[in-house]
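Source file upload37.csv; content: CSV, C-alpha atoms and all ligand atoms.
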chain,number,residue,atom,x,y,z
A,1,MET,CA,287.7,-31.5,42.3
A,2,LEU,CA,288.4,-31.9,38.6
A,3,GLN,CA,285.8,-30.0,36.7
A,4,LEU,CA,286.1,-30.4,32.9
A,5,ARG,CA,284.9,-27.6,30.7
A,6,GLY,CA,285.9,-25.9,27.5
A,7,VAL,CA,288.1,-22.9,26.7
A,8,ARG,CA,287.9,-20.2,24.1
A,9,ILE,CA,289.9,-17.1,23.1
A,10,ALA,CA,287.7,-14.2,24.1
A,11,GLY,CA,290.1,-11.4,22.9
A,12,ILE,CA,293.4,-11.4,20.9
A,13,ALA,CA,295.5,-8.3,20.2
A,14,ARG,CA,299.0,-7.3,19.2
A,15,TYR,CA,301.4,-4.4,19.5
A,16,ALA,CA,304.7,-3.6,17.9
A,17,PRO,CA,306.9,-0.6,18.8
A,18,GLU,CA,307.0,2.4,16.6
A,19,ARG,CA,310.7,2.3,15.6
A,20,ILE,CA,311.1,0.5,12.3
A,21,VAL,CA,314.4,-0.9,11.0
A,22,THR,CA,314.5,-1.8,7.3
A,23,ASN,CA,316.9,-4.0,5.4
A,24,GLU,CA,318.4,-0.8,3.8
A,25,ASP,CA,319.1,0.6,7.3
A,26,PHE,CA,321.4,-2.4,8.0
A,27,GLU,CA,323.3,-1.7,4.8
A,28,ARG,CA,324.6,1.4,6.5
A,29,TRP,CA,326.5,-0.4,9.2
A,30,LEU,CA,326.7,-4.1,8.2
A,31,ASP,CA,328.2,-6.0,5.3
A,32,THR,CA,324.8,-7.1,4.1
A,33,SER,CA,322.2,-6.2,1.5
A,34,ASP,CA,318.4,-5.9,1.2
A,35,GLU,CA,318.6,-8.7,-1.5
A,36,TRP,CA,320.5,-11.1,0.8
A,37,ILE,CA,318.1,-10.6,3.7
A,38,THR,CA,315.0,-10.8,1.5
A,39,VAL,CA,316.1,-13.9,-0.4
A,40,ARG,CA,317.4,-15.8,2.7
A,41,THR,CA,314.8,-14.8,5.2
A,42,GLY,CA,311.8,-13.1,3.6
A,43,MET,CA,312.2,-10.2,6.1
A,44,LYS,CA,312.0,-6.6,5.0
A,45,ARG,CA,311.4,-4.7,8.2
A,46,ARG,CA,311.3,-5.3,11.9
A,47,HIS,CA,310.2,-3.1,14.9
A,48,TRP,CA,312.6,-2.4,17.7
A,49,ALA,CA,311.6,-1.1,21.1
A,50,ALA,CA,312.7,2.4,22.2
A,51,ASP,CA,315.5,2.7,24.8
A,52,ASP,CA,313.0,3.1,27.6
A,53,GLN,CA,310.7,0.3,26.5
A,54,ALA,CA,311.1,-3.1,28.2
A,55,THR,CA,309.1,-6.3,27.5
A,56,SER,CA,306.4,-5.5,30.0
A,57,ASP,CA,305.7,-2.1,28.3
A,58,LEU,CA,304.9,-3.9,25.0
A,59,ALA,CA,302.9,-6.6,26.8
A,60,ILE,CA,300.6,-4.2,28.6
A,61,VAL,CA,299.5,-2.5,25.3
A,62,ALA,CA,298.6,-5.8,23.7
A,63,ALA,CA,296.9,-7.1,26.9
A,64,GLY,CA,294.9,-3.9,27.3
A,65,ASN,CA,293.6,-4.2,23.8
A,66,ALA,CA,292.8,-7.9,24.3
A,67,LEU,CA,290.9,-7.1,27.5
A,68,ALA,CA,288.9,-4.4,25.7
A,69,GLN,CA,288.0,-6.8,22.9
A,70,ALA,CA,286.8,-9.4,25.4
A,71,GLY,CA,284.8,-6.8,27.3
A,72,LEU,CA,286.7,-7.4,30.5
A,73,LYS,CA,288.7,-5.5,33.1
A,74,ALA,CA,292.2,-6.5,34.4
A,75,ASP,CA,290.7,-7.6,37.6
A,76,ASP,CA,288.4,-10.1,35.9
A,77,ILE,CA,291.4,-12.1,35.0
A,78,ASP,CA,292.4,-14.9,37.5
A,79,CYS,CA,296.0,-15.5,36.2
A,80,TYR,CA,298.5,-13.7,34.1
A,81,ILE,CA,301.1,-15.7,32.1
A,82,VAL,CA,303.9,-14.1,30.0
A,83,ALA,CA,305.9,-16.3,27.6
A,84,THR,CA,309.2,-14.6,27.0
A,85,ALA,CA,312.9,-15.1,26.4
A,86,THR,CA,313.6,-11.4,27.1
A,87,PRO,CA,312.0,-10.7,30.5
A,88,ASP,CA,312.3,-7.3,32.2
A,89,PHE,CA,314.5,-9.1,34.8
A,90,ILE,CA,315.5,-12.8,35.3
A,91,PHE,CA,313.3,-12.4,38.4
A,92,PRO,CA,310.7,-11.3,39.3
A,93,ALA,CA,308.6,-12.8,36.6
A,94,THR,CA,307.5,-10.2,34.0
A,95,ALA,CA,303.9,-11.4,34.4
A,96,CYS,CA,303.9,-10.0,37.9
A,97,ILE,CA,304.9,-6.6,36.5
A,98,VAL,CA,302.4,-6.8,33.7
A,99,ALA,CA,299.5,-7.6,36.0
A,100,ALA,CA,300.4,-4.8,38.3
A,101,LYS,CA,300.7,-2.3,35.5
A,102,LEU,CA,297.3,-3.3,34.2
A,103,GLY,CA,295.9,-2.7,37.7
A,104,ALA,CA,295.5,-6.3,38.8
A,105,VAL,CA,297.3,-6.9,42.1
A,106,GLY,CA,296.9,-10.2,44.0
A,107,LYS,CA,296.2,-12.4,41.0
A,108,ALA,CA,298.4,-15.4,40.0
A,109,ALA,CA,301.2,-14.5,37.7
A,110,PHE,CA,304.1,-16.4,36.2
A,111,ASP,CA,306.4,-16.6,33.1
A,112,VAL,CA,307.0,-19.4,30.7
A,113,SER,CA,310.5,-19.5,29.4
A,114,ILE,CA,311.0,-21.7,26.3
A,115,ALA,CA,312.0,-19.1,23.7
A,116,CYS,CA,310.1,-19.2,20.4
A,117,SER,CA,308.0,-22.1,21.5
A,118,GLY,CA,306.8,-20.1,24.5
A,119,PHE,CA,303.3,-19.2,23.3
A,120,ILE,CA,302.5,-22.8,22.2
A,121,TYR,CA,303.7,-24.2,25.6
A,122,ALA,CA,301.9,-21.5,27.6
A,123,LEU,CA,298.7,-21.9,25.6
A,124,THR,CA,298.7,-25.6,26.4
A,125,VAL,CA,299.3,-24.9,30.1
A,126,ALA,CA,296.7,-22.1,30.3
A,127,SER,CA,294.1,-24.3,28.5
A,128,GLY,CA,294.8,-27.1,30.9
A,129,LEU,CA,294.3,-24.7,33.9
A,130,ILE,CA,290.9,-23.5,32.5
A,131,ARG,CA,289.6,-26.9,31.3
A,132,SER,CA,290.4,-28.5,34.6
A,133,GLY,CA,288.5,-25.8,36.5
A,134,VAL,CA,291.5,-24.2,38.3
A,135,TYR,CA,290.9,-20.8,36.7
A,136,ARG,CA,288.1,-19.2,34.7
A,137,ARG,CA,290.0,-16.5,32.8
A,138,ILE,CA,293.7,-16.3,32.0
A,139,MET,CA,295.6,-13.5,30.2
A,140,LEU,CA,298.3,-15.2,28.0
A,141,ILE,CA,300.9,-12.9,26.5
A,142,GLY,CA,303.9,-13.6,24.2
A,143,ALA,CA,306.2,-10.6,24.4
A,144,GLU,CA,309.8,-9.9,23.5
A,145,THR,CA,312.4,-7.2,23.1
A,146,LEU,CA,315.0,-9.3,21.4
A,147,SER,CA,316.7,-6.1,20.1
A,148,LYS,CA,318.0,-5.6,23.6
A,149,ILE,CA,320.0,-8.8,23.7
A,150,MET,CA,321.4,-9.0,20.2
A,151,ASN,CA,324.7,-7.8,18.9
A,152,LYS,CA,323.8,-5.2,16.3
A,153,GLN,CA,327.2,-5.6,14.7
A,154,ASP,CA,326.7,-9.3,14.0
A,155,ARG,CA,325.1,-9.6,10.6
A,156,ALA,CA,324.2,-13.3,11.2
A,157,THR,CA,321.7,-12.4,14.0
A,158,ALA,CA,321.0,-8.7,14.0
A,159,ILE,CA,318.9,-8.8,10.9
A,160,LEU,CA,316.7,-11.6,12.1
A,161,PHE,CA,315.0,-10.4,15.3
A,162,GLY,CA,312.3,-7.9,16.1
A,163,ASP,CA,310.2,-6.8,19.1
A,164,GLY,CA,306.5,-7.1,19.8
A,165,ALA,CA,303.8,-8.6,21.9
A,166,GLY,CA,300.6,-10.6,21.3
A,167,ALA,CA,298.0,-11.2,24.0
A,168,ALA,CA,295.1,-13.6,24.3
A,169,VAL,CA,292.3,-13.6,26.9
A,170,LEU,CA,291.4,-17.3,27.5
A,171,GLU,CA,288.0,-17.9,29.1
A,172,ALA,CA,286.0,-21.0,30.2
A,173,CYS,CA,283.1,-21.8,27.9
A,174,ASP,CA,280.8,-24.7,26.9
A,175,GLN,CA,282.4,-25.3,23.5
A,176,ASP,CA,286.0,-26.4,23.7
A,177,GLY,CA,288.5,-24.7,21.5
A,178,PHE,CA,291.5,-26.7,22.6
A,179,LEU,CA,291.6,-30.0,20.5
A,180,ALA,CA,295.1,-31.2,21.1
A,181,ALA,CA,298.8,-30.3,21.6
A,182,GLU,CA,302.1,-31.8,20.9
A,183,LEU,CA,305.2,-30.4,22.8
A,184,GLY,CA,308.8,-31.5,22.7
A,185,ALA,CA,312.3,-30.5,23.6
A,186,ASP,CA,315.9,-31.8,23.2
A,187,GLY,CA,318.3,-30.0,25.4
A,188,THR,CA,321.4,-32.0,24.5
A,189,THR,CA,323.0,-29.0,22.6
A,190,PRO,CA,321.6,-25.8,24.2
A,191,GLU,CA,324.5,-23.8,22.6
A,192,ILE,CA,322.9,-24.1,19.1
A,193,LEU,CA,320.8,-21.1,20.1
A,194,TYR,CA,321.4,-19.3,23.4
A,195,GLN,CA,322.4,-16.3,25.4
A,196,PRO,CA,325.6,-17.6,27.0
A,197,SER,CA,325.9,-15.0,29.9
A,198,SER,CA,322.4,-14.6,31.2
A,199,GLY,CA,322.0,-17.0,34.1
A,200,THR,CA,324.2,-19.0,36.4
A,201,ARG,CA,326.3,-21.0,34.0
A,202,ASN,CA,328.3,-17.9,33.0
A,203,PRO,CA,327.3,-15.2,35.4
A,204,VAL,CA,327.5,-11.7,34.2
A,205,SER,CA,331.1,-10.4,34.5
A,206,HIS,CA,333.4,-7.9,32.8
A,207,ALA,CA,335.1,-10.9,31.0
A,208,ALA,CA,331.8,-12.3,29.8
A,209,ILE,CA,330.7,-8.9,28.5
A,210,ASP,CA,334.1,-8.4,26.8
A,211,ALA,CA,333.6,-11.7,25.0
A,212,GLY,CA,330.1,-10.7,23.9
A,213,MET,CA,328.4,-13.4,25.9
A,214,GLN,CA,325.5,-11.2,26.8
A,215,TYR,CA,324.2,-11.5,23.2
A,216,ILE,CA,322.2,-14.1,21.3
A,217,HIS,CA,324.5,-16.8,19.8
A,218,MET,CA,323.1,-19.0,17.1
A,219,ALA,CA,324.2,-21.7,14.8
A,220,GLY,CA,321.8,-20.7,12.1
A,221,ARG,CA,322.2,-23.6,9.8
A,222,GLU,CA,321.7,-26.1,12.6
A,223,VAL,CA,318.5,-24.4,13.7
A,224,PHE,CA,317.3,-24.3,10.1
A,225,LYS,CA,317.8,-28.1,9.6
A,226,PHE,CA,315.7,-29.0,12.6
A,227,ALA,CA,313.0,-26.3,12.1
A,228,VAL,CA,311.1,-27.7,9.2
A,229,THR,CA,311.1,-31.3,10.5
A,230,SER,CA,310.0,-30.3,14.0
A,231,MET,CA,307.2,-28.1,12.7
A,232,VAL,CA,305.9,-30.8,10.4
A,233,GLU,CA,306.1,-33.6,12.9
A,234,ALA,CA,304.6,-31.6,15.7
A,235,THR,CA,301.7,-30.6,13.5
A,236,GLU,CA,301.1,-34.2,12.3
A,237,ILE,CA,301.2,-35.6,15.8
A,238,ALA,CA,298.9,-32.9,17.2
A,239,LEU,CA,296.4,-33.5,14.4
A,240,ARG,CA,296.4,-37.2,15.0
A,241,LYS,CA,295.8,-36.6,18.7
A,242,ALA,CA,292.8,-34.4,17.7
A,243,GLY,CA,291.5,-37.2,15.4
A,244,LEU,CA,292.1,-34.9,12.4
A,245,GLU,CA,294.2,-35.0,9.2
A,246,ARG,CA,296.2,-32.4,7.2
A,247,ARG,CA,293.3,-31.6,4.9
A,248,ASP,CA,291.2,-30.6,8.0
A,249,ILE,CA,293.4,-27.6,8.6
A,250,ASN,CA,291.4,-24.4,7.8
A,251,PHE,CA,294.2,-22.0,8.9
A,252,LEU,CA,297.9,-22.4,9.8
A,253,ILE,CA,299.8,-19.9,12.0
A,254,PRO,CA,303.5,-20.9,11.9
A,255,HIS,CA,306.3,-19.3,14.0
A,256,GLN,CA,307.8,-16.5,11.8
A,257,ALA,CA,311.5,-17.3,11.9
A,258,ASN,CA,312.4,-17.6,8.2
A,259,ARG,CA,310.2,-17.5,5.1
A,260,ARG,CA,312.0,-20.5,3.6
A,261,ILE,CA,311.3,-22.6,6.8
A,262,ILE,CA,307.6,-21.7,6.6
A,263,ASP,CA,307.4,-22.4,2.8
A,264,ALA,CA,309.1,-25.8,3.2
A,265,ALA,CA,306.8,-26.8,6.1
A,266,VAL,CA,303.7,-25.6,4.4
A,267,LYS,CA,304.6,-27.4,1.2
A,268,TYR,CA,305.1,-30.6,3.1
A,269,LEU,CA,301.8,-30.2,5.0
A,270,GLU,CA,300.0,-29.4,1.7
A,271,VAL,CA,298.2,-26.4,3.2
A,272,PRO,CA,297.1,-23.9,0.5
A,273,ARG,CA,299.0,-20.6,0.7
A,274,GLU,CA,295.9,-18.5,1.4
A,275,LYS,CA,295.4,-20.5,4.6
A,276,VAL,CA,298.7,-19.5,6.0
A,277,LEU,CA,299.5,-16.3,7.8
A,278,VAL,CA,303.0,-14.9,7.0
A,279,ASN,CA,303.9,-11.4,8.3
A,280,ILE,CA,307.7,-12.0,8.6
A,281,GLN,CA,308.3,-9.2,6.1
A,282,GLU,CA,307.0,-6.7,8.6
A,283,TYR,CA,308.1,-8.0,12.0
A,284,GLY,CA,311.1,-10.4,11.5
A,285,ASN,CA,311.3,-13.1,14.2
A,286,THR,CA,309.7,-11.9,17.4
A,287,SER,CA,310.2,-15.2,19.2
A,288,SER,CA,307.3,-16.0,21.6
A,289,ALA,CA,305.3,-13.0,20.3
A,290,SER,CA,305.3,-14.1,16.7
A,291,ILE,CA,302.4,-16.6,16.9
A,292,PRO,CA,300.0,-14.5,18.9
A,293,MET,CA,300.8,-11.4,16.8
A,294,ALA,CA,300.1,-13.5,13.6
A,295,LEU,CA,296.9,-14.9,15.1
A,296,ALA,CA,295.7,-11.4,16.0
A,297,GLU,CA,296.4,-10.2,12.5
A,298,ALA,CA,294.5,-13.2,11.0
A,299,VAL,CA,291.5,-12.5,13.2
A,300,GLU,CA,291.6,-8.7,12.4
A,301,ALA,CA,291.6,-9.6,8.7
A,302,LYS,CA,288.7,-12.0,9.3
A,303,ARG,CA,290.8,-14.8,7.7
A,304,ILE,CA,289.6,-17.1,10.5
A,305,GLY,CA,286.0,-17.9,11.1
A,306,GLY,CA,283.9,-19.7,13.7
A,307,GLY,CA,284.4,-23.5,13.6
A,308,ASP,CA,287.7,-23.3,11.7
A,309,VAL,CA,290.4,-25.7,12.7
A,310,VAL,CA,293.5,-23.5,13.4
A,311,VAL,CA,296.9,-25.0,13.9
A,312,LEU,CA,299.5,-22.9,15.7
A,313,VAL,CA,303.0,-24.3,15.4
A,314,GLY,CA,306.5,-23.2,16.4
A,315,PHE,CA,310.1,-24.2,17.3
A,316,GLY,CA,313.0,-22.5,19.0
A,317,ALA,CA,315.8,-22.6,21.4
A,318,GLY,CA,316.0,-25.6,23.7
A,319,LEU,CA,315.8,-26.9,21.2
A,320,SER,CA,312.1,-27.0,21.5
A,321,TRP,CA,309.0,-27.3,19.4
A,322,GLY,CA,305.2,-27.5,19.7
A,323,ALA,CA,301.8,-27.4,17.9
A,324,VAL,CA,298.3,-26.7,19.2
A,325,VAL,CA,295.2,-27.6,17.3
A,326,TRP,CA,292.4,-25.2,18.1
A,327,ARG,CA,288.7,-25.0,17.1
A,328,TRP,CA,288.1,-21.3,16.6
A,329,ASN,CA,285.1,-19.8,18.4
A,330,SER,CA,283.8,-16.2,18.2
A,331,ILE,CA,285.7,-13.6,20.1
A,332,GLY,CA,284.3,-10.8,22.2
A,333,PRO,CA,281.9,-10.7,25.1
A,334,GLN,CA,279.1,-12.3,23.1
A,335,GLY,CA,279.1,-15.6,21.3
A,336,ALA,CA,279.7,-17.8,24.3
A,337,SER,CA,278.0,-18.1,27.6
A,338,ARG,CA,280.1,-16.7,30.5
A,339,PRO,CA,280.0,-19.3,33.2
A,401,LIG,N1,324.2,-10.6,5.0
A,401,LIG,C1,325.0,-11.1,4.1
A,401,LIG,N2,325.6,-12.3,4.3
A,401,LIG,C2,325.4,-13.0,5.4
A,401,LIG,C3,324.5,-12.5,6.4
A,401,LIG,C4,323.9,-11.3,6.2
A,401,LIG,N3,323.0,-10.7,7.0
A,401,LIG,N4,324.5,-13.4,7.4
A,401,LIG,C5,325.3,-14.4,7.0
A,401,LIG,N5,325.8,-14.2,5.8
A,401,LIG,C6,326.8,-15.0,5.1
A,401,LIG,C7,327.5,-16.0,5.9
A,401,LIG,O1,328.6,-15.4,6.5
A,401,LIG,C8,327.9,-17.1,4.9
A,401,LIG,O2,329.0,-16.6,4.2
A,401,LIG,P1,330.2,-17.7,3.8
A,401,LIG,O3,329.5,-18.6,2.8
A,401,LIG,O4,331.2,-16.8,3.2
A,401,LIG,O5,330.6,-18.3,5.0
A,401,LIG,C9,326.7,-17.0,3.9
A,401,LIG,O6,326.0,-15.8,4.1
A,401,LIG,C10,325.7,-18.2,4.1
A,401,LIG,O7,325.5,-18.3,5.5
A,401,LIG,P2,324.5,-19.4,6.0
A,401,LIG,O8,324.4,-19.3,7.5
A,401,LIG,O9,324.7,-20.7,5.4
A,401,LIG,O10,323.1,-18.8,5.4
A,401,LIG,P3,321.7,-19.5,5.4
A,401,LIG,O11,321.2,-19.6,4.1
A,401,LIG,O12,321.7,-20.7,6.3
A,401,LIG,O13,320.8,-18.3,6.2
A,401,LIG,C11,319.9,-17.9,8.3
A,401,LIG,C12,321.2,-17.9,7.5
A,401,LIG,C13,319.0,-16.8,7.7
A,401,LIG,C14,320.3,-17.4,9.7
A,401,LIG,C15,319.3,-19.2,8.3
A,401,LIG,O14,320.2,-20.2,8.6
A,401,LIG,C16,318.2,-19.3,9.3
A,401,LIG,O15,317.1,-18.7,9.2
A,401,LIG,N6,318.3,-20.3,10.3
A,401,LIG,C17,317.2,-20.5,11.3
A,401,LIG,C18,317.4,-19.4,12.3
A,401,LIG,C19,316.2,-19.4,13.2
A,401,LIG,O16,315.1,-19.7,12.9
A,401,LIG,N7,316.4,-18.8,14.4
A,401,LIG,C20,315.4,-18.6,15.4
A,401,LIG,C21,314.9,-19.7,16.1
A,401,LIG,S1,313.7,-19.3,17.1
A,401,LIG,C22,314.2,-18.8,18.7
A,401,LIG,O17,314.1,-19.6,19.7
A,401,LIG,C23,314.8,-17.4,18.9
Show the structure stored in the file as structure tokens.
Amino acid sequence: MLQLRGVRIAGIARYAPERIVTNEDFERWLDTSDEWITVRTGMKRRHWAADDQATSDLAIVAAGNALAQAGLKADDIDCYIVATATPDFIFPATACIVAAKLGAVGKAAFDVSIACSGFIYALTVASGLIRSGVYRRIMLIGAETLSKIMNKQDRATAILFGDGAGAAVLEACDQDGFLAAELGADGTTPEILYQPSSGTRNPVSHAAIDAGMQYIHMAGREVFKFAVTSMVEATEIALRKAGLERRDINFLIPHQANRRIIDAAVKYLEVPREKVLVNIQEYGNTSSASIPMALAEAVEAKRIGGGDVVVLVGFGAGLSWGAVVWRWNSIGPQGASRP
């Protein structure tokens, strides 16, 4: 029976691996410079996973911290969802591994694969599952180890991507945090941003590896062109669906792909700088981890308060895009009645 109720974020946490790669580090092996990277992207550093760290290893650290914040145990969660473009394996789903490593066996678990839009899509799906009464608590994680699938000799992509994880515990409550979402995709030219040899179109082979098809391939300028428009349009449509306007935005969490993309979108949306979280200088582009990591940082810094209208907006491979409008509630075990 459809049982409508609200959803809140009861815990939100992040993790980035210890290894830090600076712009100056790249100067040692690539024809690039700190100045080029800083001016064109806003990035200064990024974190890369250790050789023995896979995506699930990053995810469980963030998820463990989010659980502690929410005052919950792994077994209290009904469903685990991991948004990722860099799963431990194509199958099984990384969410199964994460749940088991956290000590929750027998719960629902699945991945959402839509690259950098992953957390926005998964937040929409998870909120729907809770608001319609299917589940009471969901662990939602955006986690990536992009450093494992990029060509570190390709200056056009190697400088852009970092590794990390952000985890949110979603929980049923009386006051609804989810106000609206706008999701979209256009798969007519997937090769604008893709990993050519990763699935069944170009199965892994010696020839594919010799041609470098196991790495991220990207037409940067094409992605750039669509990024600003898609973030602005998704935000405006989602706000309209929520019955709100640009001036109602109290805080904006954009996908951290390029400082210039964020600046252009923020300028168009007329959101004051102090109401926008930018941490691209520290993490680079962490794909589906970027939005939950930025949200966790904003919450840690107390830049978001109860009742604030928060817009989360991203874009990525697909091409794909999405925005969620969220009414912020208090986190932690208190502040909302546990049904
Ligand atoms: N250092 C120095 N020079 C470089 C580098 C580098 N690291 N990379 C490229 N260049 C050169 C190019 O070769 C080119 O040289 P040329 O003029 O002699 O041909 C010149 O710099 C300009 O290249 P552009 O690609 O036009 O540079 P642009 O200003 O567009 O910046 C960038 C490139 C940063 C990749 C930008 O296009 C961008 O950010 N695009 C969006 C990428 C993105 O957001 N991707 C993630 C999507 S999310 C997901 O799903 C994973």
Find, counting all atoms listed in the file, the residue in A:Ala156, A:Ala85, A:Ala109, A:Val325 that gets nearest to Ala143 of chain A.
A:Ala85
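Between atom CA of Ile291 of chain A and atom O14 of ligand LIG 401 (chain A) lies a distance of 20.0 Å.
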Rounded to one decimal in Å, what is the spacing between atom CA of Ile149 of chain A and atom CA of Cys96 of chain A?
21.5 Å
Please identify the residues whose atoms come within 8 Å of ligand LIG 401 (chain A), using all atoms listed in the file, and report them as a count of residues only.
43
Contacts of Ala211 of chain A at 12 Å or less, counting all atoms listed in the file, minus same-chain residues fewer than 4 places along, as an mmCIF file with C-alpha atoms, in the coordinates of the input?
data_model
loop_
_atom_site.group_PDB
_atom_site.id
_atom_site.type_symbol
_atom_site.label_atom_id
_atom_site.label_comp_id
_atom_site.auth_asym_id
_atom_site.auth_seq_id
_atom_site.Cartn_x
_atom_site.Cartn_y
_atom_site.Cartn_z
ATOM 1 C CA ASN A 151 324.700 -7.800 18.900
ATOM 2 C CA PRO A 196 325.600 -17.600 27.000
ATOM 3 C CA SER A 197 325.900 -15.000 29.900
ATOM 4 C CA ASN A 202 328.300 -17.900 33.000
ATOM 5 C CA VAL A 204 327.500 -11.700 34.200
ATOM 6 C CA SER A 205 331.100 -10.400 34.500
ATOM 7 C CA HIS A 206 333.400 -7.900 32.800
ATOM 8 C CA ALA A 207 335.100 -10.900 31.000
ATOM 9 C CA TYR A 215 324.200 -11.500 23.200
ATOM 10 C CA HIS A 217 324.500 -16.800 19.800
#
Find the spatial neighbours of Gln69 of chain A, counting all atoms listed in the file, within a cut-off of 8 Å - ignore same-chain residues fewer than 4 positions away - and output them as a ChimeraX atom specification.
/A:10-12,65,331-333
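Closest to Leu179 of chain A among A:Ser127, A:Gln214, A:Thr84, A:Gln195 is A:Ser127, based on all atoms listed in the file.
Minimum atom-to-atom distances from A:Val82, A:Arg46, A:Lys275, A:Ile90 to Phe119 of chain A were compared using all atoms listed in the file, and the lowest value belongs to A:Val82.
Among the candidates A:Asp88, A:Asp263, A:Glu171, A:Glu144, the one nearest to Val228 of chain A when counting only C-alpha atoms is A:Asp263.
Take the candidates A:Gly164, A:Gly322, A:Gly243, A:Pro292 and check each one against Pro17 of chain A using all atoms listed in the file; the shortest distance goes to A:Gly164.
Going from atom CA of Asp75 of chain A over to atom CA of Tyr15 of chain A, you cover 21.3 Å.
Checking A:Ala265, A:Ala165, A:Ile20, A:Met231 one by one against Arg45 of chain A, counting all atoms listed in the file, you find the shortest gap at A:Ile20.
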Which residues come within 8 Å of segment 277-280 of chain A, counting only C-alpha atoms, excluding same-chain residues fewer than 3 positions away, as a ChimeraX atom specification?
/A:42-44,251-254,256-259,274,283-285,294-295,298
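Residues within 7 Å of Thr86 of chain A, counting only C-alpha atoms and excluding same-chain residues fewer than 3 positions away, are Thr55, Glu144, Thr145 and Leu146 of chain A.
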Generate a file of the selected residues that holds C-alpha atoms, formatted as a compact mmCIF listing (two decimals), in the frame of the given file.
# COMPACT_ATOMS: atom_id res chain seq x y z
CA THR A 55 309.10 -6.30 27.50
CA GLU A 144 309.80 -9.90 23.50
CA THR A 145 312.40 -7.20 23.10
CA LEU A 146 315.00 -9.30 21.40
